[in-house]
Structure formats: C-alpha cells, structure tokens
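Participant: Okay, so here is model.cif, and as you'll see once you scroll down, it has mmCIF, C-alpha atoms.
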```
data_final
#
loop_
_atom_site.group_PDB
_atom_site.id
_atom_site.type_symbol
_atom_site.label_atom_id
_atom_site.label_comp_id
_atom_site.auth_asym_id
_atom_site.auth_seq_id
_atom_site.Cartn_x
_atom_site.Cartn_y
_atom_site.Cartn_z
ATOM 1 C CA MET X 1039 69.309 76.896 -87.418
ATOM 2 C CA ALA X 1040 67.076 74.303 -85.753
ATOM 3 C CA ARG X 1041 64.049 76.589 -86.164
ATOM 4 C CA LEU X 1042 64.868 77.268 -89.829
ATOM 5 C CA LEU X 1043 65.359 73.595 -90.684
ATOM 6 C CA LYS X 1044 62.208 72.653 -88.775
ATOM 7 C CA GLU X 1045 60.232 75.118 -90.900
ATOM 8 C CA VAL X 1046 61.855 73.766 -94.088
ATOM 9 C CA GLN X 1047 60.741 70.286 -93.044
ATOM 10 C CA GLU X 1048 57.153 71.466 -92.502
ATOM 11 C CA THR X 1049 56.788 73.687 -95.582
ATOM 12 C CA GLY X 1050 59.026 71.887 -98.075
ATOM 13 C CA SER X 1051 60.398 75.282 -99.103
ATOM 14 C CA LEU X 1052 63.388 77.279 -97.912
ATOM 15 C CA ARG X 1053 61.749 80.499 -99.050
ATOM 16 C CA ALA X 1054 58.514 79.788 -97.155
ATOM 17 C CA ALA X 1055 60.462 78.682 -94.069
ATOM 18 C CA ALA X 1056 62.488 81.895 -94.005
ATOM 19 C CA ARG X 1057 59.390 84.062 -94.426
ATOM 20 C CA ARG X 1058 57.687 82.305 -91.484
ATOM 21 C CA LEU X 1059 60.611 83.349 -89.292
ATOM 22 C CA GLY X 1060 60.657 86.934 -90.605
ATOM 23 C CA MET X 1061 63.981 86.230 -92.325
ATOM 24 C CA ASP X 1062 65.117 87.235 -95.803
ATOM 25 C CA PRO X 1063 65.293 83.998 -97.884
ATOM 26 C CA GLY X 1064 68.765 84.915 -99.150
ATOM 27 C CA ASN X 1065 70.036 85.222 -95.593
ATOM 28 C CA GLY X 1066 68.441 81.876 -94.724
ATOM 29 C CA LEU X 1067 70.229 80.179 -97.604
ATOM 30 C CA ARG X 1068 73.556 81.783 -96.647
ATOM 31 C CA MET X 1069 73.104 80.611 -93.052
ATOM 32 C CA ILE X 1070 72.554 77.041 -94.198
ATOM 33 C CA ARG X 1071 75.494 77.094 -96.616
ATOM 34 C CA SER X 1072 77.787 78.469 -93.899
ATOM 35 C CA ALA X 1073 76.690 75.718 -91.514
ATOM 36 C CA GLU X 1074 77.245 73.071 -94.217
ATOM 37 C CA ALA X 1075 80.771 74.391 -94.794
ATOM 38 C CA VAL X 1076 81.558 74.141 -91.073
ATOM 39 C CA LEU X 1077 80.010 70.680 -90.676
ATOM 40 C CA GLY X 1078 81.365 69.334 -93.947
ATOM 41 C CA THR X 1079 78.021 67.837 -94.961
ATOM 42 C CA ALA X 1080 74.787 68.860 -96.675
ATOM 43 C CA LEU X 1081 71.763 69.825 -94.557
ATOM 44 C CA VAL X 1082 69.234 70.327 -97.363
ATOM 45 C CA ARG X 1083 68.704 68.928 -100.828
ATOM 46 C CA GLY X 1084 66.404 69.826 -103.677
ATOM 47 C CA LYS X 1085 65.440 72.724 -105.842
ATOM 48 C CA THR X 1086 65.501 76.019 -103.928
ATOM 49 C CA GLY X 1087 64.155 78.383 -106.604
ATOM 50 C CA GLY X 1088 62.034 78.556 -109.724
ATOM 51 C CA ARG X 1089 58.645 79.982 -110.612
ATOM 52 C CA ARG X 1090 56.824 77.692 -108.179
ATOM 53 C CA GLY X 1091 59.301 78.200 -105.356
ATOM 54 C CA GLY X 1092 60.955 74.797 -105.743
ATOM 55 C CA HIS X 1093 61.000 72.030 -103.178
ATOM 56 C CA THR X 1094 63.573 71.541 -100.442
ATOM 57 C CA MET X 1095 64.091 68.440 -98.287
ATOM 58 C CA LEU X 1096 66.322 67.831 -95.288
ATOM 59 C CA THR X 1097 69.179 65.370 -95.338
ATOM 60 C CA ALA X 1098 69.643 62.936 -92.437
ATOM 61 C CA ARG X 1099 72.014 65.422 -90.736
ATOM 62 C CA GLY X 1100 69.565 68.289 -91.322
ATOM 63 C CA THR X 1101 66.760 66.230 -89.780
ATOM 64 C CA ARG X 1102 68.834 65.566 -86.651
ATOM 65 C CA ILE X 1103 69.426 69.295 -86.231
ATOM 66 C CA ALA X 1104 65.756 70.134 -86.869
ATOM 67 C CA ILE X 1105 64.611 68.032 -83.894
ATOM 68 C CA LYS X 1106 67.033 69.670 -81.450
ATOM 69 C CA PRO X 1107 65.556 71.828 -78.628
ATOM 70 C CA VAL X 1108 64.953 75.371 -79.833
ATOM 71 C CA ASP X 1109 66.373 78.455 -78.115
ATOM 72 C CA GLN X 1110 63.448 80.165 -76.368
ATOM 73 C CA ASP X 1111 64.862 83.654 -77.043
ATOM 74 C CA PRO X 1112 65.309 83.668 -80.829
ATOM 75 C CA PRO X 1113 65.576 86.779 -82.996
ATOM 76 C CA SER X 1114 62.219 87.745 -84.455
ATOM 77 C CA SER X 1115 60.810 90.350 -86.772
ATOM 78 C CA THR X 1116 59.685 93.858 -85.804
ATOM 79 C CA ARG X 1117 56.162 95.050 -86.591
ATOM 80 C CA TRP X 1118 55.480 98.777 -86.580
ATOM 81 C CA ARG X 1119 52.193 100.637 -87.027
ATOM 82 C CA CYS X 1120 52.608 103.079 -89.910
ATOM 83 C CA PHE X 1121 50.694 105.331 -92.311
ATOM 84 C CA LEU X 1122 50.991 105.681 -96.071
ATOM 85 C CA VAL X 1123 52.661 108.893 -97.252
ATOM 86 C CA GLY X 1124 51.593 110.005 -100.736
ATOM 87 C CA SER X 1125 50.026 107.825 -103.420
ATOM 88 C CA LEU X 1126 51.077 104.420 -104.715
ATOM 89 C CA LEU X 1127 52.721 104.800 -108.103
ATOM 90 C CA PRO X 1128 53.710 102.001 -110.531
ATOM 91 C CA ARG X 1129 57.398 101.037 -110.318
ATOM 92 C CA ALA X 1130 57.957 103.503 -107.472
ATOM 93 C CA PRO X 1131 58.935 102.731 -103.869
ATOM 94 C CA VAL X 1132 56.405 103.259 -101.099
ATOM 95 C CA VAL X 1133 56.982 105.749 -98.271
ATOM 96 C CA VAL X 1134 55.344 105.252 -94.886
ATOM 97 C CA ALA X 1135 55.539 107.283 -91.682
ATOM 98 C CA VAL X 1136 56.071 105.535 -88.333
ATOM 99 C CA PRO X 1137 54.864 107.899 -85.550
ATOM 100 C CA ASP X 1138 56.308 105.866 -82.660
ATOM 101 C CA ALA X 1139 59.778 105.760 -84.232
ATOM 102 C CA GLY X 1140 59.612 109.306 -85.575
ATOM 103 C CA VAL X 1141 60.898 108.210 -88.999
ATOM 104 C CA GLN X 1142 59.759 107.798 -92.582
ATOM 105 C CA VAL X 1143 60.558 104.447 -94.165
ATOM 106 C CA LEU X 1144 61.192 103.581 -97.803
ATOM 107 C CA VAL X 1145 59.683 100.223 -98.824
ATOM 108 C CA ALA X 1146 60.372 98.599 -102.190
ATOM 109 C CA SER X 1147 56.979 96.883 -102.591
ATOM 110 C CA ALA X 1148 53.361 97.959 -102.185
ATOM 111 C CA PRO X 1149 51.050 96.471 -99.529
ATOM 112 C CA GLY X 1150 50.189 92.934 -100.591
ATOM 113 C CA PRO X 1151 46.727 91.966 -99.257
ATOM 114 C CA GLY X 1152 45.104 95.316 -100.006
ATOM 115 C CA ARG X 1153 45.875 95.091 -103.710
ATOM 116 C CA SER X 1154 44.635 91.521 -104.102
ATOM 117 C CA GLN X 1155 41.374 92.411 -102.326
ATOM 118 C CA GLY X 1156 40.658 95.142 -104.851
ATOM 119 C CA ARG X 1157 40.861 97.971 -102.302
ATOM 120 C CA ARG X 1158 42.852 101.011 -103.353
ATOM 121 C CA HIS X 1159 45.189 102.493 -100.776
ATOM 122 C CA ILE X 1160 45.117 106.237 -100.234
ATOM 123 C CA PRO X 1161 47.466 108.599 -98.351
ATOM 124 C CA GLY X 1162 46.941 108.280 -94.604
ATOM 125 C CA ASP X 1163 45.913 104.604 -94.705
ATOM 126 C CA GLU X 1164 47.083 102.682 -91.643
ATOM 127 C CA LEU X 1165 49.348 99.701 -92.399
ATOM 128 C CA GLU X 1166 51.667 97.306 -90.601
ATOM 129 C CA LEU X 1167 55.370 97.345 -91.453
ATOM 130 C CA GLU X 1168 57.363 94.148 -90.896
ATOM 131 C CA ILE X 1169 61.158 94.360 -90.507
ATOM 132 C CA PRO X 1170 62.989 90.998 -90.403
ATOM 133 C CA ALA X 1171 65.648 90.941 -87.680
ATOM 134 C CA SER X 1172 68.175 89.600 -90.196
ATOM 135 C CA ALA X 1173 67.623 92.665 -92.430
ATOM 136 C CA VAL X 1174 68.934 95.138 -89.823
ATOM 137 C CA THR X 1175 72.626 96.050 -90.109
ATOM 138 C CA LEU X 1176 74.346 98.020 -87.345
ATOM 139 C CA GLY X 1177 77.258 100.433 -87.652
ATOM 140 C CA GLU X 1178 79.064 103.090 -85.660
ATOM 141 C CA LEU X 1179 77.694 106.623 -85.532
ATOM 142 C CA GLY X 1180 79.696 109.621 -86.632
ATOM 143 C CA GLU X 1181 82.218 107.816 -88.850
ATOM 144 C CA ARG X 1182 82.568 108.237 -92.580
ATOM 145 C CA THR X 1183 81.288 105.029 -94.137
ATOM 146 C CA ALA X 1184 81.225 103.576 -97.628
ATOM 147 C CA ARG X 1185 78.112 103.983 -99.730
ATOM 148 C CA THR X 1186 75.500 101.329 -99.109
ATOM 149 C CA SER X 1187 72.442 99.992 -100.924
ATOM 150 C CA ALA X 1188 70.364 100.278 -97.724
ATOM 151 C CA ARG X 1189 67.812 103.077 -98.179
ATOM 152 C CA ASN X 1190 66.820 103.431 -94.519
ATOM 153 C CA HIS X 1191 69.252 104.835 -91.935
ATOM 154 C CA TRP X 1192 68.129 105.456 -88.353
ATOM 155 C CA THR X 1193 69.874 106.502 -85.171
ATOM 156 C CA ALA X 1194 69.196 103.870 -82.507
ATOM 157 C CA ARG X 1195 70.207 102.985 -78.962
ATOM 158 C CA VAL X 1196 70.851 99.469 -77.631
ATOM 159 C CA ILE X 1197 68.412 98.528 -74.848
ATOM 160 C CA ARG X 1198 69.193 94.808 -74.607
ATOM 161 C CA VAL X 1199 71.818 92.342 -75.820
ATOM 162 C CA GLY X 1200 70.521 88.772 -75.887
ATOM 163 C CA ARG X 1201 72.353 85.514 -75.306
ATOM 164 C CA GLU X 1202 74.564 84.037 -77.978
ATOM 165 C CA GLY X 1203 72.710 81.266 -79.752
ATOM 166 C CA ARG X 1204 73.719 78.561 -82.178
ATOM 167 C CA TRP X 1205 76.105 79.728 -84.928
ATOM 168 C CA GLY X 1206 77.021 82.762 -82.820
ATOM 169 C CA ILE X 1207 73.875 84.797 -83.631
ATOM 170 C CA ARG X 1208 72.519 87.130 -80.965
ATOM 171 C CA ARG X 1209 69.386 89.228 -80.658
ATOM 172 C CA ILE X 1210 69.795 92.978 -80.133
ATOM 173 C CA ASP X 1211 66.841 95.111 -79.003
ATOM 174 C CA LEU X 1212 67.139 98.735 -80.097
ATOM 175 C CA ARG X 1213 65.188 101.911 -79.414
ATOM 176 C CA VAL X 1214 64.332 104.105 -82.407
ATOM 177 C CA GLY X 1215 62.387 107.076 -81.117
ATOM 178 C CA ALA X 1216 59.802 105.462 -78.821
ATOM 179 C CA ALA X 1217 59.657 102.224 -80.855
ATOM 180 C CA THR X 1218 61.582 98.962 -80.418
ATOM 181 C CA LEU X 1219 63.562 97.452 -83.299
ATOM 182 C CA VAL X 1220 64.961 93.897 -83.240
ATOM 183 C CA ALA X 1221 68.233 93.000 -84.970
ATOM 184 C CA ALA X 1222 70.039 89.668 -85.332
ATOM 185 C CA ILE X 1223 73.824 89.894 -85.648
ATOM 186 C CA THR X 1224 76.796 87.705 -84.848
ATOM 187 C CA GLY X 1225 78.635 87.752 -81.535
ATOM 188 C CA SER X 1226 81.842 88.741 -83.327
ATOM 189 C CA ALA X 1227 80.108 91.842 -84.755
ATOM 190 C CA ILE X 1228 78.962 92.800 -81.273
ATOM 191 C CA ARG X 1229 82.533 92.538 -80.006
ATOM 192 C CA ASP X 1230 83.971 94.490 -82.959
ATOM 193 C CA LEU X 1231 81.454 97.325 -82.459
ATOM 194 C CA GLY X 1232 81.734 97.220 -78.660
ATOM 195 C CA LEU X 1233 77.952 97.005 -78.318
ATOM 196 C CA GLU X 1234 76.374 97.015 -74.877
ATOM 197 C CA LYS X 1235 73.262 98.413 -73.239
ATOM 198 C CA GLY X 1236 73.151 102.172 -73.903
ATOM 199 C CA SER X 1237 75.365 102.116 -77.021
ATOM 200 C CA ALA X 1238 74.315 104.510 -79.800
ATOM 201 C CA VAL X 1239 74.410 102.936 -83.261
ATOM 202 C CA LEU X 1240 73.380 103.500 -86.856
ATOM 203 C CA ALA X 1241 70.694 101.021 -87.952
ATOM 204 C CA GLN X 1242 70.522 100.402 -91.704
ATOM 205 C CA VAL X 1243 67.697 98.476 -93.386
ATOM 206 C CA LYS X 1244 67.278 97.609 -97.062
ATOM 207 C CA ALA X 1245 63.956 98.666 -98.586
ATOM 208 C CA THR X 1246 63.697 95.327 -100.432
ATOM 209 C CA ALA X 1247 63.638 93.379 -97.135
ATOM 210 C CA LEU X 1248 60.555 95.158 -95.780
ATOM 211 C CA ARG X 1249 56.928 94.055 -96.053
ATOM 212 C CA LEU X 1250 53.697 96.032 -95.754
ATOM 213 C CA ARG X 1251 50.306 94.559 -94.923
ATOM 214 C CA ARG X 1252 46.961 95.702 -93.654
ATOM 215 C CA PRO X 1253 46.879 95.925 -89.846
ATOM 216 C CA ARG X 1254 45.216 93.448 -87.537
ATOM 217 C CA VAL X 1255 42.686 94.998 -85.143
ATOM 218 C CA HIS X 1256 42.045 93.183 -81.856
ATOM 219 C CA GLY X 1257 42.986 89.835 -83.360
ATOM 220 C CA ILE X 1258 41.042 90.243 -86.611
ATOM 221 C CA SER X 1259 42.272 91.275 -90.033
ATOM 222 C CA GLY X 1260 41.875 94.784 -91.417
ATOM 223 C CA ARG X 1261 39.441 93.423 -94.023
ATOM 224 C CA THR X 1262 37.165 92.013 -91.321
ATOM 225 C CA ALA X 1263 37.431 95.279 -89.398
ATOM 226 C CA ASP X 1264 36.254 97.171 -92.506
ATOM 227 C CA ARG X 1265 33.175 94.948 -92.693
ATOM 228 C CA GLU X 1266 32.463 95.499 -88.992
ATOM 229 C CA ARG X 1267 32.675 99.274 -89.401
ATOM 230 C CA ARG X 1268 30.264 99.208 -92.372
ATOM 231 C CA ARG X 1269 27.715 96.982 -90.572
ATOM 232 C CA PRO X 1270 24.727 99.074 -89.330
ATOM 233 C CA ALA X 1271 23.961 99.104 -85.628
ATOM 234 C CA ARG X 1272 20.929 97.126 -84.479
#
```
How does this structure look as structure tokens?
Facilitator:
Amino acid sequence: MARLLKEVQETGSLRAAARRLGMDPGNGLRMIRSAEAVLGTALVRGKTGGRRGGHTMLTARGTRIAIKPVDQDPPSSTRWRCFLVGSLLPRAPVVVAVPDAGVQVLVASAPGPGRSQGRRHIPGDELELEIPASAVTLGELGERTARTSARNHWTARVIRVGREGRWGIRRIDLRVGAATLVAAITGSAIRDLGLEKGSAVLAQVKATALRLRRPRVHGISGRTADRERRRPAR
C-alpha cells in the first residue's frame, strides 16, 4: 500500500501508479478502497478515470502511509521471453509461445511499441511478456471448478512463500516448466489452499491483464538493437 500510494503521489494518477508496479489498475483501486473501509477514512481524492486518465491526489492520511518504510520483498511482475505465434489480426487475441515455461499464452492486446514505431510483427518475432503478480490466481489441481474468464491455465509448483506484508498480501514464487512466475495473494488464501513449498497448484491468468513489448537486449531497447544490427561493420 505504501508503494502504491507513493507512486500515486509521484505520478498524480492511480492508473499510472499501478502500471509502474506491474499491477492491474482495477486491483489497485480495490486495494485502496478496502484499506479505506478498514481505516474509516479516505486515502485518495480526485478523478480516477476519463479519457486523459484523470488526476488523483493523496489525503493527509494517504500521505502519512506513503512515507512509511517500504517492504523490501514486495510482489513484482514476471517478465518472460516469448515468440509470436501466427499473424496479428484485427480484433483478435495474440498467441505467444514461452519456451522456458513450455506453454502458449493468450494475450488480449497486440505489442505496443512495435506498432507505434511502424514496424510490422511477423510470426517468430521475439517479444517480452509481462505478467502482473496481482493478475495471477491460484487454485487446487484436480478438482472440478466453476467456469472462469481467465484464458490461461497452467500447472505450477510453489518454490517459495514470502513473508506476509501490509494488508495480508504475500508473494508466491512458482515454477511453470523451467520458468519462474510471481503471484501476489492474501495470507488467508494461502491458508485455505494449504500452500507451502512443493505444493502443486493451478495458475490462472486473464488475457486482458497481460502486456507485450519488444525485448530489451543487454540494457538497450529492441529498436536500438535493430539499428545496431543494420549498421555496417567498419
């Protein structure tokens, strides 16, 4: 919560603050509203939506929370190297293959930077897939479950359960194939599912929460890397 409010203070936008932390903006708003209900006071004020993204300010109580020391082991987003499967079609989801995880992933939106730079993506293009920790939902394997809107379902194994942080949220590190996936869930959910190191779980991720971008190569953007590859040797 302190990290989220600190980002709101710096960006003036709840949406931008959530994106900086790899969090779905809707989940960020729900987190703040839940905290306000518990505390009995407002933490943010202002317009949180609109065509220009609105403007959000902290209240006095929100400012006091924003300056609190931040947990050094917070949940974060997962970034996987992936490759485009098939062509990009208008109004159609994107499918990418993740070799390390051994899965194909359905993503609701096309790669952002590549389109704005005028470069057309083709099958086999390397991309980077970002999965916000808050977008990962865990469930038990082998049980009949209700239908869900999540389009991605992967078998995973717990490799680490982090400390319980403020508001009862804990970081869970999972293994999907040979890749690591980070989830952020409440301590009560961990207890209900009986999660511990070695537990097998079903990881579900909504396609709308995922983001695709061009990969960074040795600290430089994919666009710069393209220029370097085209530059003739001297």
Participant: Check which residues satisfy the PyMOL selection byres ((chain X and resi 1045) around 10) in the file shown, then give them as a list in words.
Facilitator: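 Evaluating the PyMOL selection byres ((chain X and resi 1045) around 10) on these coordinates yields Met1039, Ala1040, Arg1041, Leu1042, Leu1043, Lys1044, Val1046, Gln1047, Glu1048, Thr1049, Gly1050, Ser1051, Leu1052, Arg1053, Ala1054, Ala1055, Ala1056, Arg1057, Arg1058, Leu1059 and Ala1104 of chain X.
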Participant: Print the selection's residues with C-alpha atoms to a file, as an mmCIF file, in the frame of the given file.
Facilitator:
```cif
data_model
loop_
_atom_site.group_PDB
_atom_site.id
_atom_site.type_symbol
_atom_site.label_atom_id
_atom_site.label_comp_id
_atom_site.auth_asym_id
_atom_site.auth_seq_id
_atom_site.Cartn_x
_atom_site.Cartn_y
_atom_site.Cartn_z
ATOM 1 C CA MET X 1039 69.309 76.896 -87.418
ATOM 2 C CA ALA X 1040 67.076 74.303 -85.753
ATOM 3 C CA ARG X 1041 64.049 76.589 -86.164
ATOM 4 C CA LEU X 1042 64.868 77.268 -89.829
ATOM 5 C CA LEU X 1043 65.359 73.595 -90.684
ATOM 6 C CA LYS X 1044 62.208 72.653 -88.775
ATOM 7 C CA VAL X 1046 61.855 73.766 -94.088
ATOM 8 C CA GLN X 1047 60.741 70.286 -93.044
ATOM 9 C CA GLU X 1048 57.153 71.466 -92.502
ATOM 10 C CA THR X 1049 56.788 73.687 -95.582
ATOM 11 C CA GLY X 1050 59.026 71.887 -98.075
ATOM 12 C CA SER X 1051 60.398 75.282 -99.103
ATOM 13 C CA LEU X 1052 63.388 77.279 -97.912
ATOM 14 C CA ARG X 1053 61.749 80.499 -99.050
ATOM 15 C CA ALA X 1054 58.514 79.788 -97.155
ATOM 16 C CA ALA X 1055 60.462 78.682 -94.069
ATOM 17 C CA ALA X 1056 62.488 81.895 -94.005
ATOM 18 C CA ARG X 1057 59.390 84.062 -94.426
ATOM 19 C CA ARG X 1058 57.687 82.305 -91.484
ATOM 20 C CA LEU X 1059 60.611 83.349 -89.292
ATOM 21 C CA ALA X 1104 65.756 70.134 -86.869
#
```
Participant: Measuring between only C-alpha atoms, which one of X:Ala1173, X:Val1145, X:Leu1127, X:Ile1160 shows the shortest distance to Ala1241 in chain X?
Facilitator: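 Closest residue, counting only C-alpha atoms: X:Ala1173.
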Participant: What would the list of residues within 10 Å of (61.5, 99.9, -78.0) (file frame) look like as a PDB file with C-alpha atoms, keeping the file's coordinate frame, if all atoms listed in the file are what count?
Facilitator:
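Okay, this is what ended up in result-v5.pdb:
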```
ATOM      1  CA  ASP X1138      56.308 105.866 -82.660  1.00  0.00           C
ATOM      2  CA  ALA X1139      59.778 105.760 -84.232  1.00  0.00           C
ATOM      3  CA  ALA X1194      69.196 103.870 -82.507  1.00  0.00           C
ATOM      4  CA  ARG X1195      70.207 102.985 -78.962  1.00  0.00           C
ATOM      5  CA  VAL X1196      70.851  99.469 -77.631  1.00  0.00           C
ATOM      6  CA  ILE X1197      68.412  98.528 -74.848  1.00  0.00           C
ATOM      7  CA  ARG X1198      69.193  94.808 -74.607  1.00  0.00           C
ATOM      8  CA  ASP X1211      66.841  95.111 -79.003  1.00  0.00           C
ATOM      9  CA  LEU X1212      67.139  98.735 -80.097  1.00  0.00           C
ATOM     10  CA  ARG X1213      65.188 101.911 -79.414  1.00  0.00           C
ATOM     11  CA  VAL X1214      64.332 104.105 -82.407  1.00  0.00           C
ATOM     12  CA  GLY X1215      62.387 107.076 -81.117  1.00  0.00           C
ATOM     13  CA  ALA X1216      59.802 105.462 -78.821  1.00  0.00           C
ATOM     14  CA  ALA X1217      59.657 102.224 -80.855  1.00  0.00           C
ATOM     15  CA  THR X1218      61.582  98.962 -80.418  1.00  0.00           C
ATOM     16  CA  LEU X1219      63.562  97.452 -83.299  1.00  0.00           C
ATOM     17  CA  VAL X1220      64.961  93.897 -83.240  1.00  0.00           C
TER      18      VAL X1220
END
```
Participant: Hey, which of X:Ile1210, X:Leu1144, X:Ile1105, X:Val1134 ends up closest to Val1243 in chain X? Count all atoms listed in the file.
Facilitator: X:Leu1144
Participant: For Ala1135 in chain X, which of X:Ala1227, X:Thr1186, X:Ser1115, X:Gly1162 is the closest residue, counting only C-alpha atoms?
Facilitator: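 Ranking X:Ala1227, X:Thr1186, X:Ser1115, X:Gly1162 by distance to Ala1135 in chain X, first place goes to X:Gly1162.
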Participant: What gap, in Å, lies between CA of Pro1170 in chain X and CA of Lys1244 in chain X?
Facilitator: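 Separating CA of Pro1170 in chain X from CA of Lys1244 in chain X is a distance of 10.3 Å.
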Participant: Might you pull out every residue within 9 Å of Ala1080 in chain X, with only C-alpha atoms counted and same-chain residues fewer than 6 positions away left off, and present them as a list in words?
Facilitator: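 Contacts, with the query itself left out: Ile1070, Arg1071, Ala1073, Glu1074, Leu1096, Thr1097, Ala1098, Arg1099 and Gly1100 of chain X.
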